[in-house]
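Student: Dumping the structure here so I can ask a few things about it.
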Amino acid sequence: MTELLSSLTEFLVAVRGAQPLLLSGLVKTAEAAILAILLGTAFGLIFGLMLVYGGKILRLAVKIYVDVARGIPGLVKIFTVYYLVNQLVIEATGYRMSAMLCGIIALAIHASAQIAEMTRGAIQALPRGQSEAGKAIGLTFGQIQFNVIFPQAIRQILPTWVTSAGEVVKGTTLLSLISVPEFFVAIKEAAAREYIFFSFYLFAMLVYFVIIYGIELFGRHLEARFNKY
Amino acid sequence: MTSQNRQTSGDLLIIENLHKSFGDLEVLKGVNLNVAPGDVVSIIGSSGSGKTTLLRCINLLEEFQAGRILIDGDEIGYRNSGGKRRLMSERAIARQRAMTGMVFQTFNLFPHLTAQANVTLGLRKVRRLPREEANEIARTWLARVGLADKADSYPAQLSGGQQQRVGIARAVAMSPKLMLFDEATSALDPELVGEVLSVIGDLANDGMTMVVVTHEMQFAREVSSRVVFMSEGLIGEEGKPEALFGNPKSQRLKEFLSRTRT
Amino acid sequence: MQSCSVPRLAAGILVAATAFSVAGAQAQQAESKLYEILDRGHVIVGTGSTNVPWHFVDDENELAGFDVDMGKLIAKALFDDETKVEFVKQAPDARIPNLLTDKTDITCQFMTINTQRAQKVEFTIPYYREGVALLMPKNGRFENREAMDAAIADGETVHIAVLQNAGAEDTVHDVISDVQVDQYEEQGLVFEAVDSGRADGGVVDLSNVMWLVKQHPDRYMLGGKGTLAQSYGCAVKPGDQIWLNFANAALREAMNGRTFPEYADAFERWFGERPPAPQTGFPAELR
Ligand SMILES: Nc1ncnc2c1ncn2[C@@H]1O[C@H](COP(=O)(O)OP(=O)(O)O)[C@@H](O)[C@H]1O
Ligand SMILES: [Mg+2]
């Protein structure tokens with residue numbers, strides 16, 4: 001018991017000492033996750049709309065993108081963007097994307113594919129009468145999307161969207177492989193320095209759980225707001 | 001009667017030789033119809049005769065292959081450019097749709113919006129009225145259809161009859177030149193039909209120009225200024241209600257009327 | 001000596017990426033990364049951040065360790081300023097890909113020189129020779145290695161912890177024989193087994209033992225070294241002899257020449273002892 005207590009104290013002291021390190025890692029993780037979720041959601045919605053309203057060729061192109069993006073493992077996507085796409089961009093424009101940017105793009109690609117598929121499903125599940133009622137009162141296509149279709153589709157998408165957002169957060173741990181100093185790297189660094197391994201990994205688990213659970217609560221909160229009707 | 005009114009430019013709605021096909025299936029085979037301002041025209045006819053399709057063409061929810069539709073003197077949906085018939089831009093079509101109000105058989109209310117917000121959406125986004133003014137108009141119309149106390153209810157909290165009355169308020173609030181009703185009461189429980197018909201009757205009495213597709217013969221007889229019988233994609237017969245119902249000329253109409261009476 | 005399972009999935013991607021960068025490099029012949037670095041004003045060194053005492057984040061949140069000091073040493077050789085270096089923290093898996101795609105100029109990350117890797121990158125001369133050693137707790141079951149050997153001779157069971165891998169038994173036997181080998185899945189667990197007394201000692205990298213003994217002389221002692229050795233070298237992208245020569249010159253002079261004190265200070269800082277000083281007269285490295 002006292003042994004446990006003393007090792008706990010030791011760990012807390014170590015966490016305190018590693019605070020700046022862990023905090024900067026957490027900020028990086030949050031930054032990557034938030035940007036990837038935002039980008040992934042924006043593009044996912046656009047791709048979803050293309051799947052619903054696009055012409056034959058556009059639909060086929062997006063469908064291929066979605067299937068490929070969903071079929072490739074996350075790590076391969078990250079490596080592909082970091083090593084291959086980055087190289088192509090450098091050859092073409094001379095601009096070198098940072099590892100962080102590459103990671104965000106790779107995570108966003110995955111999320112966008114998931115969200116595109118959800119969006120397509122949600123919109124196509126709406127009765128045709130909804131857009132016709134919008135047309136009948138003179139709304140334009142865009143107005144119908146924003147005022148009639150999206151609000152209803154979003155409600156349908158939310159629960160799966162929360163799952164996707166959680167996946168992005170989990171995916172940020174892969175970014176350590178391309179040198180992004182995210183939270184799990186900070187944990188490994190702190191653990192290595194202090195020679196305290198398990199407690200730090202347990203601590204990391206706890207933090208990730210809290211973040212993902214937080215997203216879930218946020219999703220439920222949104223759902224409750226959309227669930228008025 | 002049709003040919004008589006053809007050239008009259010005072011008509012609010014003019015349909016000339018309207019042809020509409022779904023693929024190989026020709027549904028409207030050259031429909032001609034004129035509606036004068038203040039007219040209430042009921043369209044009757046057996047299921048599949050093209051009534052809904054006709055209304056949807058007037059509201060540009062369907063494209064059509066030939067013929068012209070004019071509302072208040074303006075041809076809608078298509079324009080001629082270099083001798084070619086071209087569909088108008090999406091925006092232009094949206095503007096033209098706002099001239100007609102449509103009431104659907106299945107209500108098609110927006111489930112995520114309150115009754116009031118269902119009515120104000122078009123006022124705010126299409127007519128671009130300020131929020132207060134739109135709310136004012138919405139409340140007035142909801143009161144007119146007897147739903148003053150349901151302004152903040154969501155569609156799911158309303159009965160079918162109440163929902164359809166919101167649907168009517170949503171359409172008329174836009175001050176359309178022409179109202180279209182597509183079997184507005186067919187999806188309702190029988191005991192709720194009356195409240196909706198009386199709202200439509202009220203509008204008719206106020207002088208609103210209307211085209212009403214209905215199976216309610218009693219209603220057609222009492223409210224319409226003219227009744228049109230559609231049969232196999234064409235207008236079979238038309239006339240004043242008492243003439244059409246009292247003295248049907250064609251065999252088809254006779255059969256149709258005898259079937260609906262029983 | 002870390003055993004990381006390199007995910008092979010990046011291999012194809014890498015081949016394609018390299019094709020582009022190689023094509024680019026060929027277009028500008030008779031040039032060298034060396035001049036590019038000098039123009040840029042700083043050198044980009046790839047290293048890790050999670051292995052004490054090689055490369056880790058210290059209490060001041062700075063990258064520190066022997067590999068890091070090698071990077072600074074190269075910066076000093078280039079610019080006469082050890083701060084003219086940008087470290088790219090990378091996972092061991094990323095060492096070679098990052099070199100081949102020019103994300104790093106040179107990698108110093110406890111990289112074992114072997115001939116498979118030498119087919120993909122070019123190694124500098126080695127700057128450390130790693131082996132394994134026995135880490136013993138000061139307050140453990142045995143006073144010292146002699147006491148442990150005596151107990152083994154008496155037929156007592158002695159538990160030795162080691163990181164789980166294919167050659168784990170051989171690794172232990174390089175340092176000590178006739179013991180019970182307990183394999184653990186994580187390096188951290190090996191230390192915890194030693195700390196908690198579950199194991200009487202642990203066989204880990206020599207550098208780790210040296211560092212721990214230096215840091216906590218009251219807690220740990222060296223229980224003997226193994227004989228099997230492997231060399232750590234820095235690595236560069238292949239095909240740039242000018243840059244490789246420069247890196248070699250910098251390291252060689254640090255170990256055998258004018259800059260030896262810097263190398264020796266670093267060595268002592270992380271491994272607790274001073275390496276043998278170069279002798280004047282005949283250059284011993286040619287012997
Ligand atoms: N979207 C469509 N695609 C194919 N056929 C249709 C479509 N809509 C209606 N039809 C066909 O057109 C004909 C007329 O339908 P409709 O106008 O709904 O008749 P009514 O409203 O008089 O019952 C029917 O044969 C129907 O099957
Ligand atoms: Mg119909």
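Residues are named by chain letter and number: chains run A, B, ... in the order of the structure tokens, numbers start at 1 in each chain, and ligands are numbered from 1 in the order shown.
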Taking only C-alpha atoms and all ligand atoms into account, report as a PyMOL selection string which residues have an atom no farther than 7 Å from an atom of ligand 1.

Tutor: chain B and resi 22+27+45-54

Student: Dump all heavy atoms for the selected residues as a compact mmCIF listing (two decimals), in the first residue's frame?

Tutor:
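File written: result13.txt
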```txt
# COMPACT_ATOMS: atom_id res chain seq x y z
N PHE B 22 -42.61 10.43 -69.45
CA PHE B 22 -41.57 9.82 -68.61
C PHE B 22 -40.96 8.70 -69.45
O PHE B 22 -41.56 7.64 -69.60
CB PHE B 22 -42.16 9.23 -67.32
CG PHE B 22 -42.70 10.29 -66.38
CD1 PHE B 22 -44.07 10.47 -66.23
CD2 PHE B 22 -41.84 11.09 -65.64
CE1 PHE B 22 -44.56 11.44 -65.36
CE2 PHE B 22 -42.32 12.05 -64.77
CZ PHE B 22 -43.69 12.23 -64.63
N VAL B 27 -47.47 10.90 -70.75
CA VAL B 27 -48.45 11.06 -69.68
C VAL B 27 -49.41 12.21 -69.98
O VAL B 27 -50.60 12.12 -69.73
CB VAL B 27 -47.72 11.30 -68.34
CG1 VAL B 27 -48.71 11.60 -67.25
CG2 VAL B 27 -46.88 10.06 -67.99
N GLY B 45 -60.67 13.07 -62.30
CA GLY B 45 -60.26 12.07 -63.28
C GLY B 45 -59.71 10.88 -62.53
O GLY B 45 -59.28 10.98 -61.38
N SER B 46 -59.70 9.74 -63.25
CA SER B 46 -59.28 8.54 -62.55
C SER B 46 -57.77 8.56 -62.30
O SER B 46 -57.04 9.33 -62.91
CB SER B 46 -59.68 7.28 -63.33
OG SER B 46 -59.23 7.43 -64.66
N SER B 47 -57.38 7.72 -61.38
CA SER B 47 -55.97 7.66 -60.98
C SER B 47 -55.10 7.30 -62.19
O SER B 47 -55.44 6.43 -62.98
CB SER B 47 -55.83 6.60 -59.89
OG SER B 47 -54.49 6.35 -59.65
N GLY B 48 -53.99 8.01 -62.35
CA GLY B 48 -53.09 7.74 -63.46
C GLY B 48 -53.41 8.53 -64.70
O GLY B 48 -52.74 8.40 -65.72
N SER B 49 -54.42 9.40 -64.64
CA SER B 49 -54.80 10.14 -65.84
C SER B 49 -53.89 11.34 -66.08
O SER B 49 -53.97 11.97 -67.13
CB SER B 49 -56.26 10.59 -65.72
OG SER B 49 -56.43 11.37 -64.56
N GLY B 50 -53.02 11.67 -65.12
CA GLY B 50 -52.05 12.75 -65.36
C GLY B 50 -52.30 14.02 -64.59
O GLY B 50 -51.66 15.04 -64.85
N LYS B 51 -53.20 14.00 -63.62
CA LYS B 51 -53.56 15.21 -62.88
C LYS B 51 -52.36 15.77 -62.11
O LYS B 51 -52.04 16.96 -62.20
CB LYS B 51 -54.71 14.92 -61.90
CG LYS B 51 -55.95 14.27 -62.55
CD LYS B 51 -57.04 14.02 -61.55
CE LYS B 51 -56.69 13.00 -60.47
NZ LYS B 51 -56.48 11.64 -60.99
N THR B 52 -51.73 14.89 -61.33
CA THR B 52 -50.58 15.33 -60.54
C THR B 52 -49.47 15.85 -61.44
O THR B 52 -48.88 16.90 -61.20
CB THR B 52 -50.05 14.16 -59.69
OG1 THR B 52 -51.07 13.77 -58.77
CG2 THR B 52 -48.81 14.55 -58.94
N THR B 53 -49.24 15.12 -62.52
CA THR B 53 -48.18 15.52 -63.44
C THR B 53 -48.47 16.91 -64.01
O THR B 53 -47.55 17.74 -64.12
CB THR B 53 -48.05 14.50 -64.57
OG1 THR B 53 -47.88 13.21 -63.98
CG2 THR B 53 -46.87 14.80 -65.46
N LEU B 54 -49.73 17.18 -64.30
CA LEU B 54 -50.09 18.50 -64.84
C LEU B 54 -49.75 19.60 -63.83
O LEU B 54 -49.12 20.60 -64.17
CB LEU B 54 -51.58 18.52 -65.19
CG LEU B 54 -52.12 19.85 -65.72
CD1 LEU B 54 -51.40 20.25 -67.00
CD2 LEU B 54 -53.63 19.79 -65.94
```

Student: What are the residues of chain A lining chain B at 10 Å or less? Count only C-alpha atoms, and put the answer as a list of chain:residue names.

Tutor: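 Putting it all together, I get A:Pro127, A:Arg128, A:Gly129, A:Gln130, A:Ser131, A:Glu132, A:Ala133, A:Gly134, A:Lys135, A:Ala136, A:Ile137, A:Gly138, A:Leu139, A:Thr140, A:Phe141, A:Gln143, A:Ile144, A:Asn147, A:Val148, A:Ile149, A:Pro151, A:Gln152, A:Arg155, A:Phe226, A:Asn227, A:Lys228, A:Tyr229.
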
Student: What does the structure give for the distance between CA of Gly226 in chain C and CA of Thr107 in chain C, in Å to one decimal?

Tutor: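 If I compute the distance from CA of Gly226 in chain C to CA of Thr107 in chain C, I get 27.0 Å.
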
Student: Listing only residues of chain A within 10 Å of chain C, what is the closest atom pair and its distance in Å (to one decimal) for each, using only C-alpha atoms, sorted by chain and residue number ascending, as a tab-separated table?

Tutor:
```
residue	atom	partner	partner_atom	distance
A:Gly17	CA	C:Asp59	CA	7.1
A:Ala18	CA	C:Asp59	CA	7.4
A:Gln19	CA	C:Asn61	CA	9.8
A:Pro20	CA	C:Asn61	CA	7.6
A:Leu21	CA	C:Asn61	CA	6.5
A:Pro73	CA	C:Leu9	CA	9.7
A:Leu75	CA	C:Leu9	CA	8.5
A:Val76	CA	C:Ala10	CA	6.5
A:Lys77	CA	C:Ala10	CA	9.5
A:Ile78	CA	C:Ala10	CA	9.6
A:Phe79	CA	C:Ala10	CA	6.4
A:Thr80	CA	C:Ile13	CA	6.0
A:Val81	CA	C:Ile13	CA	9.4
A:Tyr82	CA	C:Asn98	CA	9.6
A:Tyr83	CA	C:Ala17	CA	6.0
A:Leu84	CA	C:Ala17	CA	4.8
A:Val85	CA	C:Ala17	CA	8.1
A:Asn86	CA	C:Ala17	CA	8.7
A:Gln87	CA	C:Ala17	CA	6.2
A:Leu88	CA	C:Phe20	CA	7.5
A:Ile90	CA	C:Ser21	CA	9.4
A:Glu91	CA	C:Phe20	CA	7.7
A:Arg96	CA	C:Lys103	CA	9.4
A:Ser98	CA	C:Lys103	CA	9.8
A:Ala99	CA	C:Lys103	CA	9.6
A:Leu175	CA	C:Ala91	CA	9.9
A:Ser176	CA	C:Ala91	CA	6.9
A:Leu177	CA	C:Ala91	CA	5.3
A:Ile178	CA	C:Gln90	CA	6.4
A:Ser179	CA	C:Gln90	CA	4.5
A:Val180	CA	C:Lys89	CA	7.8
A:Pro181	CA	C:Lys89	CA	7.7
A:Val185	CA	C:Thr50	CA	7.9
A:Ala186	CA	C:Thr50	CA	8.7
A:Ile187	CA	C:Thr50	CA	9.1
A:Lys188	CA	C:Thr50	CA	5.9
A:Glu189	CA	C:Thr50	CA	4.5
A:Ala190	CA	C:Val57	CA	7.4
A:Ala191	CA	C:Thr50	CA	7.9
A:Ala192	CA	C:Thr50	CA	5.3
A:Arg193	CA	C:Val52	CA	6.3
A:Glu194	CA	C:Val52	CA	9.2
A:Tyr195	CA	C:Gly188	CA	6.7
A:Ile196	CA	C:Gly188	CA	6.9
A:Phe197	CA	C:Gly188	CA	5.3
A:Phe198	CA	C:Gly188	CA	7.5
```

Student: Taking C-alpha atoms for each residue, export the selection above as a PDB file, in the first residue's frame.

Tutor:
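Written file, again-v6.pdb:
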```pdb
ATOM      1  CA  GLY A  17       8.046  17.952 -14.162  1.00  0.00           C
ATOM      2  CA  ALA A  18       6.944  16.902 -17.633  1.00  0.00           C
ATOM      3  CA  GLN A  19       4.026  19.319 -17.647  1.00  0.00           C
ATOM      4  CA  PRO A  20       5.315  21.714 -20.333  1.00  0.00           C
ATOM      5  CA  LEU A  21       6.243  18.772 -22.523  1.00  0.00           C
ATOM      6  CA  PRO A  73      -5.026   1.793 -43.710  1.00  0.00           C
ATOM      7  CA  LEU A  75      -0.692   4.631 -41.558  1.00  0.00           C
ATOM      8  CA  VAL A  76      -0.307   4.081 -45.295  1.00  0.00           C
ATOM      9  CA  LYS A  77      -2.289   7.241 -45.973  1.00  0.00           C
ATOM     10  CA  ILE A  78      -0.035   9.190 -43.644  1.00  0.00           C
ATOM     11  CA  PHE A  79       3.137   7.834 -45.251  1.00  0.00           C
ATOM     12  CA  THR A  80       1.749   8.398 -48.730  1.00  0.00           C
ATOM     13  CA  VAL A  81       1.025  12.041 -48.055  1.00  0.00           C
ATOM     14  CA  TYR A  82       4.248  12.651 -46.145  1.00  0.00           C
ATOM     15  CA  TYR A  83       6.633  10.928 -48.512  1.00  0.00           C
ATOM     16  CA  LEU A  84       4.959  10.725 -51.914  1.00  0.00           C
ATOM     17  CA  VAL A  85       2.480  13.580 -52.177  1.00  0.00           C
ATOM     18  CA  ASN A  86       4.871  15.909 -50.421  1.00  0.00           C
ATOM     19  CA  GLN A  87       7.573  15.023 -52.948  1.00  0.00           C
ATOM     20  CA  LEU A  88       5.204  15.624 -55.844  1.00  0.00           C
ATOM     21  CA  ILE A  90       7.867  19.937 -54.000  1.00  0.00           C
ATOM     22  CA  GLU A  91       8.637  18.915 -57.601  1.00  0.00           C
ATOM     23  CA  ARG A  96       7.549  21.693 -48.711  1.00  0.00           C
ATOM     24  CA  SER A  98       5.333  20.402 -42.849  1.00  0.00           C
ATOM     25  CA  ALA A  99       4.916  16.990 -41.235  1.00  0.00           C
ATOM     26  CA  LEU A 175       1.527  11.131 -36.557  1.00  0.00           C
ATOM     27  CA  SER A 176       4.473  10.409 -34.272  1.00  0.00           C
ATOM     28  CA  LEU A 177       5.774   8.208 -37.086  1.00  0.00           C
ATOM     29  CA  ILE A 178       6.251  11.270 -39.260  1.00  0.00           C
ATOM     30  CA  SER A 179       7.844  13.368 -36.527  1.00  0.00           C
ATOM     31  CA  VAL A 180       4.834  15.334 -35.359  1.00  0.00           C
ATOM     32  CA  PRO A 181       5.399  15.990 -31.649  1.00  0.00           C
ATOM     33  CA  VAL A 185       5.229  11.273 -28.384  1.00  0.00           C
ATOM     34  CA  ALA A 186       5.349  13.588 -25.371  1.00  0.00           C
ATOM     35  CA  ILE A 187       4.203  10.685 -23.204  1.00  0.00           C
ATOM     36  CA  LYS A 188       6.918   8.439 -24.613  1.00  0.00           C
ATOM     37  CA  GLU A 189       9.493  11.172 -24.113  1.00  0.00           C
ATOM     38  CA  ALA A 190       8.451  11.748 -20.525  1.00  0.00           C
ATOM     39  CA  ALA A 191       8.347   8.004 -19.838  1.00  0.00           C
ATOM     40  CA  ALA A 192      11.819   7.509 -21.320  1.00  0.00           C
ATOM     41  CA  ARG A 193      13.310  10.382 -19.386  1.00  0.00           C
ATOM     42  CA  GLU A 194      11.811   9.359 -16.061  1.00  0.00           C
ATOM     43  CA  TYR A 195      12.127   5.608 -16.580  1.00  0.00           C
ATOM     44  CA  ILE A 196       8.460   5.346 -15.590  1.00  0.00           C
ATOM     45  CA  PHE A 197       6.693   3.525 -18.369  1.00  0.00           C
ATOM     46  CA  PHE A 198       3.453   1.941 -17.336  1.00  0.00           C
TER      47      PHE A 198
END
```

Student: Would you pick out the contacts of Val223 in chain B at 10 Å or less, using only C-alpha atoms, so that residues sharing its chain but fewer than 5 positions from it are not included, and give the list as a PyMOL selection string?

Tutor: chain B and resi 40-42+197-198+200-202+204-205+217-218+241

Student: Identify all residues of range 97-198 of chain B in strand (DSSP E) (DSSP on the backbone) and supply them as a PyMOL selection string.

Tutor: chain B and resi 100-103+178-182

Student: Hey, which of C:Asp149, C:Asp81, C:Asp67, C:Glu268 ends up closest to Gly41 in chain C? Count only C-alpha atoms.

Tutor: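 Among the listed residues, the smallest separation from Gly41 in chain C belongs to C:Asp81.
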